[in-house]
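Enquirer: I'd like to ask you about the structure that follows.
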Amino acid sequence: METTTAERTEAAVGHPSARLRGSDLTLAYDRRTIATGLDVAIPDRSFTVVVGPNACGKSTLLRALARLLPPARGGIVLDGRDLATYPAKQLARILGLLPQSSTAPDGITVADLVARGRYPHQGLLRQWSREDENVVAASMAATGVGDLADRPVDELSGGQRQRVWIAMVLAQETPLLLLDEPTTFLDLAYQIDVLDLCARLHREQDRTLVAVLHDLNQAARYATHLIAMRDGRIVAEGPPADIVTADLVGDVFGLRCRVIADPETGTPLVIPAAPSRE
Amino acid sequence: MTAPLGKTAAAPAAVRISGARTVRAGRFSVRFRPRAVAAGLLALAAAAAFAVLCIGSGQYAMGFGRVLDALTGHGSPADTFIVRELRLPRACVALAVGAALGLAGAVFQAVVRNPLGSPDLLGFTSGSATGALVAIVYLGGSAGAVATGAAAGGIATGVLVYALAWRRGVHGFRLVLTGIGLTAALTGVNGYLLTRAQLTDAARAVLWQTGSLDGRGWDNVAPLAVAMAVVVPALLLGCGPALRMLEMGDDTASALGVRVERVRLALIGGAVVLTALAAAAAGPVAFVALTAPQLARRATRAPGPNLLPAMAVGAALLTASDWIAQRAFDDHPLPVGVVTGLLGGVYLVAMLAAERRAGRI
């Protein structure tokens, strides 16, 4: 199932429409190199999910796409323009990010926190327009936290709090939305809840979503475009039904398994092999 | 294109942020919190009232009304001279130093995301003390030299802390640890400088280190006032909104369109200048920078750094402390730093006790 670099480059650069793409990326923290020669393209209007084992570089890639980590080599292009050249607020009106961890200021209420997502649309003399108000209300409604408007964020459950943070990035009104492990630290029911929410937002609001996820089965169920990474390389990408095979899982995660159709959705479902009893 | 959320047909009822009001005119809109405005104005009124009381205190005592008459030009020539020439400058130093420390404290606490992140803890005050001590012990110690030394020492320490804490950006926690380390080192240096000093110089240095408003005149007000005229608007208008985003973490702020490192450098730079010039004017007045932002936050009940209320509360704290310092013992006025230290220390312990009872620490 391993594709050659040339094929990958062609596949990545060959997406007919991809507003956000990176080519020949070298990603590194100080002197620790995470990835070299990485080519990636996020198909427009896709729900792209990046999976791979720990330390494969998936979160690093997302950070680079969000301009939190400037590539050591190569370039990321958004709408044909080098990502590094965008003014900060202008970029924040196109590209949103939900980081792995954020801090809610002490005592802040839900509505106040969601309203902070409007920052890139605001200025000194445009602090809270009618449009800000409407977008914040709509974001809270879309994430089902409208009833919590006046509640302090620190009093909410983990799942509710994650919905509030998602509402905040929705209020940013960006056509592209990056989510770094949005389900980590959540109970299983809340994980599904958040992913259902993401899928619905993708469907109804015509946004391009990119999420890093840990769970391959969840990724296969929700993604329209899957990117599988290992050791800083993209091993395979495409619709989950096309690329999730026992070979790929063996390749990427080093796990022996069977892949069957998910009885709920028909998407690929990975069943790890039991250790042989001999 | 993304369907604009705000323009969907079934837009739900507009959201209200509890405690906030908006005034709109055409394309312009301003959001404010009535409670925060009231708290700020109240603190400002308290600061002004205590300043008037301070002006009336001393061997030539005057009542509230007499001071106001002299200030507005309706007093006797003697009153007017004493009020305007002798005591007003000192009151202005108190107001300006209090406001500067309140603002600097609020900025530092928000930047390092720690309520204990005051300039006292981060080493800038010790650096100012080192500069002032060098001026007193080695450079003859004219008032101008001490003030310059304090300002230079504070700013140099600020640069040093920032440089030492920098590693792909400065993080709040690293800033605090670096500051604590540097404070320890500078305390040693300051102790050494004191042992080198002549006895009279040492006494003066100790008094300076307490923080005092005695004998302050217009030449103490001027540098701080000029710096505040530049730095305060830059902090409030230039960095204030971004600082609110920074509270949520670097990544979130960055994703919302904040140039994190640039804003943080501007914030730290501005707050260091305020702290250093406040120390140059009145010495290292303890605990105002730590206490004022927290009192302000409690009064406004608004999330965020509460920069303007913290300024007003700082000014009120310092003028009130000076009034107490002058009145506490009739013939023995205390240095104001003694009172702020006592009040601030008691407040800190009380706050910690309350937090412990609430099970938060």
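Order determines the names: the first chain of the structure tokens is A, the second B, and so forth; residues in each chain are numbered 1 upward, and ligands are numbered 1 upward as they are shown.
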Please return as a ChimeraX atom specification: the residues of range 136-215 of chain A that backbone DSSP assigns to alpha helix (DSSP H).
Expert: /A:136-142,158-171,188-205
Enquirer: I'd like the neighbourhood of Val114 in chain A as a list in words, where a residue qualifies if any of its atoms comes within 9 Å (using only C-alpha atoms), though same-chain residues fewer than 4 positions away should be ignored.
Expert: Thr109, Val110, Arg118, Val136, Ala137, Ser139, Met140, Val164, Trp165, Ile166, Ala167, Met168, Val169, Leu170 and Ala171 of chain A
Enquirer: Residues of chain A no more than 7 Å from chain B, counting only C-alpha atoms: send them over as a VMD selection string.
Expert: chain A and resid 88 to 89 91 to 92 96 to 97 99 102 to 108 111 to 112 117 119 to 120 125 to 129 131 133 to 138 150 175 205 to 207
Enquirer: Output C-alpha atoms for every residue in the selection just made, as a PDB file, in the first residue's frame.
Expert:
ATOM      1  CA  ALA A  88      -2.433  38.131  11.499  1.00  0.00           C
ATOM      2  CA  LYS A  89      -6.049  39.254  11.660  1.00  0.00           C
ATOM      3  CA  LEU A  91      -5.401  35.073   8.321  1.00  0.00           C
ATOM      4  CA  ALA A  92      -7.602  34.619  11.378  1.00  0.00           C
ATOM      5  CA  GLY A  96      -9.424  28.977  12.477  1.00  0.00           C
ATOM      6  CA  LEU A  97      -7.785  26.658  14.967  1.00  0.00           C
ATOM      7  CA  PRO A  99      -5.686  24.020  19.903  1.00  0.00           C
ATOM      8  CA  SER A 102      -6.815  26.532  25.931  1.00  0.00           C
ATOM      9  CA  THR A 103      -7.407  28.351  29.186  1.00  0.00           C
ATOM     10  CA  ALA A 104     -10.749  29.930  29.977  1.00  0.00           C
ATOM     11  CA  PRO A 105     -10.123  33.180  31.867  1.00  0.00           C
ATOM     12  CA  ASP A 106     -11.299  33.038  35.505  1.00  0.00           C
ATOM     13  CA  GLY A 107     -15.027  33.472  35.927  1.00  0.00           C
ATOM     14  CA  ILE A 108     -15.778  34.076  32.244  1.00  0.00           C
ATOM     15  CA  ALA A 111     -21.349  33.868  25.880  1.00  0.00           C
ATOM     16  CA  ASP A 112     -18.373  36.053  26.761  1.00  0.00           C
ATOM     17  CA  GLY A 117     -13.960  34.377  18.658  1.00  0.00           C
ATOM     18  CA  TYR A 119     -11.654  39.252  17.764  1.00  0.00           C
ATOM     19  CA  PRO A 120     -10.323  39.167  14.183  1.00  0.00           C
ATOM     20  CA  LEU A 125     -14.238  51.413  17.398  1.00  0.00           C
ATOM     21  CA  ARG A 126     -15.993  48.269  16.297  1.00  0.00           C
ATOM     22  CA  GLN A 127     -16.135  46.339  19.526  1.00  0.00           C
ATOM     23  CA  TRP A 128     -19.472  44.559  19.293  1.00  0.00           C
ATOM     24  CA  SER A 129     -21.511  44.970  16.132  1.00  0.00           C
ATOM     25  CA  GLU A 131     -23.241  41.018  13.181  1.00  0.00           C
ATOM     26  CA  GLU A 133     -23.979  39.445  18.170  1.00  0.00           C
ATOM     27  CA  ASN A 134     -25.813  37.402  15.538  1.00  0.00           C
ATOM     28  CA  VAL A 135     -22.825  35.230  14.690  1.00  0.00           C
ATOM     29  CA  VAL A 136     -22.151  34.468  18.360  1.00  0.00           C
ATOM     30  CA  ALA A 137     -25.802  33.548  18.875  1.00  0.00           C
ATOM     31  CA  ALA A 138     -25.774  31.328  15.787  1.00  0.00           C
ATOM     32  CA  ASP A 150     -24.716  33.021  31.311  1.00  0.00           C
ATOM     33  CA  PRO A 175     -14.073  28.808   5.865  1.00  0.00           C
ATOM     34  CA  GLN A 205     -21.996  25.046   6.904  1.00  0.00           C
ATOM     35  CA  ASP A 206     -19.880  24.235   3.918  1.00  0.00           C
ATOM     36  CA  ARG A 207     -16.617  24.543   5.805  1.00  0.00           C
TER      37      ARG A 207
END
Enquirer: Report as a PyMOL selection string: the residues of range 74-269 of chain A with a DSSP assignment of strand (DSSP E or B), based on the backbone of this structure.
Expert: chain A and resi 74-78+81-82+95-98+109+123+126+152+176-180+208-212+225-230+233-238+257-261+268-269
Enquirer: Between B:Thr183, B:Ser57, B:Gln109, B:Thr291, single out the one closest to Leu88 in chain B, counting only C-alpha atoms.
Expert: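 Looking only at the distances to Leu88 in chain B, the closest residue turns out to be B:Ser57.
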Enquirer: Taking into account only C-alpha atoms, which residue in the set A:Val212, A:Arg161, A:Ser23, A:Leu178 is nearest to Arg67 in chain A?
Expert: A:Leu178
Enquirer: Which residues are close to Phe253 in chain A, i.e. within 8 Å by only C-alpha atoms, leaving aside same-chain residues fewer than 6 positions away? Reply as a ChimeraX atom specification.
Expert: /A:52-53,230
Enquirer: For the selection you just gave me, I'd like the residues written to a file as an mmCIF file, in the first residue's frame, keeping C-alpha atoms.
Expert:
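Output saved as result35.cif:
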data_model
loop_
_atom_site.group_PDB
_atom_site.id
_atom_site.type_symbol
_atom_site.label_atom_id
_atom_site.label_comp_id
_atom_site.auth_asym_id
_atom_site.auth_seq_id
_atom_site.Cartn_x
_atom_site.Cartn_y
_atom_site.Cartn_z
ATOM 1 C CA GLY A 52 -1.041 8.063 12.848
ATOM 2 C CA PRO A 53 0.782 6.690 15.865
ATOM 3 C CA ARG A 230 4.083 7.626 10.115
#
Enquirer: Which residues are near range 263-265 of chain A? Cut-off 12 Å, only C-alpha atoms, ignore same chain within fewer than 5 positions. Put them as a list in words.
Expert: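 Result of the neighbour search: Asn217, Gln218, Ala220, Arg221, Tyr222, Ala241 and Val270 of chain A.
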Enquirer: Would you mind listing what lies within 6 Å of range 55-59 of chain A as an mmCIF file with C-alpha atoms, in the first residue's frame, with only C-alpha atoms counted and same-chain residues fewer than 4 positions away left out?
Expert:
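Output file result03.cif is given in full below:
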data_model
loop_
_atom_site.group_PDB
_atom_site.id
_atom_site.type_symbol
_atom_site.label_atom_id
_atom_site.label_comp_id
_atom_site.auth_asym_id
_atom_site.auth_seq_id
_atom_site.Cartn_x
_atom_site.Cartn_y
_atom_site.Cartn_z
ATOM 1 C CA ILE A 34 9.816 15.902 12.791
ATOM 2 C CA ARG A 230 4.083 7.626 10.115
ATOM 3 C CA ASP A 231 7.540 8.948 11.008
ATOM 4 C CA GLY A 232 6.812 12.363 9.538
#
Enquirer: What is the distance, in Å and to one decimal place, between CA of Leu160 in chain B and CA of Leu207 in chain B?
Expert: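 These atoms are spaced 26.4 Å apart.
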Enquirer: Check which residues of range 235-329 of chain B sit at most 7 Å from range 38-53 of chain B using only C-alpha atoms, and return one row each with the closest pair of atoms and their distance in Å to one decimal, ordered by chain and rising number, as a tab-separated table.
Expert:
residue	atom	partner	partner_atom	distance
B:Ala299	CA	B:Ala39	CA	6.1
B:Thr300	CA	B:Ala39	CA	5.9
B:Pro309	CA	B:Gly40	CA	4.5
B:Ala312	CA	B:Leu44	CA	5.1
B:Val313	CA	B:Ala43	CA	5.3
B:Ala315	CA	B:Ala47	CA	5.6
B:Ala316	CA	B:Ala47	CA	3.8
B:Thr319	CA	B:Phe50	CA	5.5
B:Ala320	CA	B:Phe50	CA	5.5
B:Trp323	CA	B:Phe50	CA	6.6
Enquirer: Those same residues, written as a CSV table (one decimal), in the first residue's frame with C-alpha atoms?
Expert:
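Contents of the output file result33.csv:
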chain,number,residue,atom,x,y,z
B,299,ALA,CA,-14.8,45.0,42.5
B,300,THR,CA,-15.6,44.8,38.8
B,309,PRO,CA,-9.9,49.8,37.1
B,312,ALA,CA,-7.6,53.6,39.5
B,313,VAL,CA,-7.4,51.2,42.4
B,315,ALA,CA,-3.8,55.2,42.7
B,316,ALA,CA,-6.4,54.9,45.5
B,319,THR,CA,-2.9,57.8,48.3
B,320,ALA,CA,-4.8,56.0,51.1
B,323,TRP,CA,-2.6,59.2,54.3
Enquirer: Which residue is closest to Val231 in chain B? Choose from B:Gln326, B:Asn306, B:Gln209, B:Thr275 and count only C-alpha atoms.
Expert: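 When distances to Val231 in chain B are compared using only C-alpha atoms, the smallest one comes from B:Thr275.
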Enquirer: Residues near Thr340 in chain B, anyone? I mean within 12 Å using only C-alpha atoms, not counting same-chain ones fewer than 6 positions away, as a ChimeraX atom specification.
Expert: /B:94,98,210-212,284-292,314-325,334,346-348
Enquirer: Can you spit out the residues from that selection as a PDB file, in the first residue's frame, using N, CA and C atoms?
Expert:
ATOM      1  N   ALA B  94       2.165  60.366  44.325  1.00  0.00           N
ATOM      2  CA  ALA B  94       1.415  59.226  44.869  1.00  0.00           C
ATOM      3  C   ALA B  94       0.400  58.710  43.848  1.00  0.00           C
ATOM      4  N   GLY B  98       0.961  55.140  42.026  1.00  0.00           N
ATOM      5  CA  GLY B  98      -0.074  54.136  42.277  1.00  0.00           C
ATOM      6  C   GLY B  98      -0.707  53.649  40.990  1.00  0.00           C
ATOM      7  N   THR B 210      12.545  51.189  51.176  1.00  0.00           N
ATOM      8  CA  THR B 210      11.216  51.008  51.745  1.00  0.00           C
ATOM      9  C   THR B 210      10.157  51.582  50.821  1.00  0.00           C
ATOM     10  N   GLY B 211      10.524  52.604  50.080  1.00  0.00           N
ATOM     11  CA  GLY B 211       9.536  53.296  49.262  1.00  0.00           C
ATOM     12  C   GLY B 211       8.928  54.428  50.038  1.00  0.00           C
ATOM     13  N   SER B 212       9.201  55.652  49.598  1.00  0.00           N
ATOM     14  CA  SER B 212       8.766  56.803  50.384  1.00  0.00           C
ATOM     15  C   SER B 212       8.426  57.967  49.467  1.00  0.00           C
ATOM     16  N   PRO B 284      10.877  51.459  45.656  1.00  0.00           N
ATOM     17  CA  PRO B 284      10.082  50.263  45.370  1.00  0.00           C
ATOM     18  C   PRO B 284       8.929  50.117  46.356  1.00  0.00           C
ATOM     19  N   VAL B 285       7.808  50.755  46.079  1.00  0.00           N
ATOM     20  CA  VAL B 285       6.646  50.678  46.973  1.00  0.00           C
ATOM     21  C   VAL B 285       6.053  49.272  46.848  1.00  0.00           C
ATOM     22  N   ALA B 286       6.065  48.563  47.961  1.00  0.00           N
ATOM     23  CA  ALA B 286       5.737  47.139  47.913  1.00  0.00           C
ATOM     24  C   ALA B 286       4.247  46.888  47.716  1.00  0.00           C
ATOM     25  N   PHE B 287       3.942  45.812  47.027  1.00  0.00           N
ATOM     26  CA  PHE B 287       2.621  45.166  47.046  1.00  0.00           C
ATOM     27  C   PHE B 287       1.496  45.883  46.309  1.00  0.00           C
ATOM     28  N   VAL B 288       1.701  47.145  45.888  1.00  0.00           N
ATOM     29  CA  VAL B 288       0.608  47.818  45.175  1.00  0.00           C
ATOM     30  C   VAL B 288       0.336  47.113  43.845  1.00  0.00           C
ATOM     31  N   ALA B 289       1.417  46.773  43.138  1.00  0.00           N
ATOM     32  CA  ALA B 289       1.267  46.124  41.832  1.00  0.00           C
ATOM     33  C   ALA B 289       0.629  44.747  41.976  1.00  0.00           C
ATOM     34  N   LEU B 290       0.839  44.114  43.120  1.00  0.00           N
ATOM     35  CA  LEU B 290       0.250  42.785  43.337  1.00  0.00           C
ATOM     36  C   LEU B 290      -1.225  42.892  43.715  1.00  0.00           C
ATOM     37  N   THR B 291      -1.524  43.844  44.601  1.00  0.00           N
ATOM     38  CA  THR B 291      -2.852  43.908  45.199  1.00  0.00           C
ATOM     39  C   THR B 291      -3.872  44.636  44.329  1.00  0.00           C
ATOM     40  N   ALA B 292      -3.456  45.748  43.726  1.00  0.00           N
ATOM     41  CA  ALA B 292      -4.421  46.594  43.010  1.00  0.00           C
ATOM     42  C   ALA B 292      -5.202  45.829  41.935  1.00  0.00           C
ATOM     43  N   GLY B 314      -4.975  51.237  42.033  1.00  0.00           N
ATOM     44  CA  GLY B 314      -3.583  51.471  42.431  1.00  0.00           C
ATOM     45  C   GLY B 314      -3.397  52.866  42.986  1.00  0.00           C
ATOM     46  N   ALA B 315      -3.956  53.853  42.282  1.00  0.00           N
ATOM     47  CA  ALA B 315      -3.833  55.240  42.737  1.00  0.00           C
ATOM     48  C   ALA B 315      -4.523  55.414  44.085  1.00  0.00           C
ATOM     49  N   ALA B 316      -5.689  54.797  44.241  1.00  0.00           N
ATOM     50  CA  ALA B 316      -6.416  54.910  45.508  1.00  0.00           C
ATOM     51  C   ALA B 316      -5.643  54.243  46.643  1.00  0.00           C
ATOM     52  N   LEU B 317      -5.077  53.058  46.351  1.00  0.00           N
ATOM     53  CA  LEU B 317      -4.311  52.345  47.377  1.00  0.00           C
ATOM     54  C   LEU B 317      -3.138  53.172  47.869  1.00  0.00           C
ATOM     55  N   LEU B 318      -2.419  53.785  46.921  1.00  0.00           N
ATOM     56  CA  LEU B 318      -1.216  54.499  47.321  1.00  0.00           C
ATOM     57  C   LEU B 318      -1.558  55.787  48.069  1.00  0.00           C
ATOM     58  N   THR B 319      -2.560  56.518  47.606  1.00  0.00           N
ATOM     59  CA  THR B 319      -2.906  57.751  48.323  1.00  0.00           C
ATOM     60  C   THR B 319      -3.477  57.420  49.701  1.00  0.00           C
ATOM     61  N   ALA B 320      -4.286  56.370  49.777  1.00  0.00           N
ATOM     62  CA  ALA B 320      -4.837  55.978  51.073  1.00  0.00           C
ATOM     63  C   ALA B 320      -3.712  55.556  52.007  1.00  0.00           C
ATOM     64  N   SER B 321      -2.760  54.777  51.478  1.00  0.00           N
ATOM     65  CA  SER B 321      -1.641  54.343  52.312  1.00  0.00           C
ATOM     66  C   SER B 321      -0.826  55.532  52.771  1.00  0.00           C
ATOM     67  N   ASP B 322      -0.642  56.512  51.890  1.00  0.00           N
ATOM     68  CA  ASP B 322       0.152  57.679  52.281  1.00  0.00           C
ATOM     69  C   ASP B 322      -0.562  58.464  53.377  1.00  0.00           C
ATOM     70  N   TRP B 323      -1.866  58.536  53.251  1.00  0.00           N
ATOM     71  CA  TRP B 323      -2.634  59.245  54.280  1.00  0.00           C
ATOM     72  C   TRP B 323      -2.479  58.552  55.625  1.00  0.00           C
ATOM     73  N   ILE B 324      -2.601  57.191  55.587  1.00  0.00           N
ATOM     74  CA  ILE B 324      -2.407  56.438  56.832  1.00  0.00           C
ATOM     75  C   ILE B 324      -0.980  56.634  57.338  1.00  0.00           C
ATOM     76  N   ALA B 325      -0.002  56.582  56.447  1.00  0.00           N
ATOM     77  CA  ALA B 325       1.404  56.710  56.844  1.00  0.00           C
ATOM     78  C   ALA B 325       1.647  58.048  57.526  1.00  0.00           C
ATOM     79  N   LEU B 334       5.355  57.720  58.700  1.00  0.00           N
ATOM     80  CA  LEU B 334       6.041  56.519  58.215  1.00  0.00           C
ATOM     81  C   LEU B 334       6.323  56.662  56.719  1.00  0.00           C
ATOM     82  N   VAL B 346      -1.030  41.619  54.533  1.00  0.00           N
ATOM     83  CA  VAL B 346      -2.218  41.113  55.226  1.00  0.00           C
ATOM     84  C   VAL B 346      -3.265  40.664  54.206  1.00  0.00           C
ATOM     85  N   TYR B 347      -3.434  41.470  53.149  1.00  0.00           N
ATOM     86  CA  TYR B 347      -4.410  41.115  52.121  1.00  0.00           C
ATOM     87  C   TYR B 347      -4.048  39.786  51.470  1.00  0.00           C
ATOM     88  N   LEU B 348      -2.755  39.629  51.150  1.00  0.00           N
ATOM     89  CA  LEU B 348      -2.320  38.410  50.472  1.00  0.00           C
ATOM     90  C   LEU B 348      -2.588  37.185  51.339  1.00  0.00           C
TER      91      LEU B 348
END
Enquirer: Need the shell around Leu65 in chain A: protein/DNA/RNA residues with any atom at most 9 Å away, counting only C-alpha atoms. Skip same-chain ones fewer than 3 positions apart. Format as a PyMOL selection string?
Expert: chain A and resi 20-22+60-62+68-70+76+83+178
Enquirer: Kindly indicate which residue among B:Gly75, B:Val137, B:Val349, B:Ile82 lies nearest to Gln59 in chain B, using only C-alpha atoms for the distances.
Expert: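 Closest candidate: B:Ile82.
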Enquirer: Using only C-alpha atoms, can you tell me which of A:Ile243, A:Leu248, A:Ala84, A:Val49 comes closest to Ala199 in chain A?
Expert: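 Using only C-alpha atoms, Ala199 in chain A sits closest to A:Val49.
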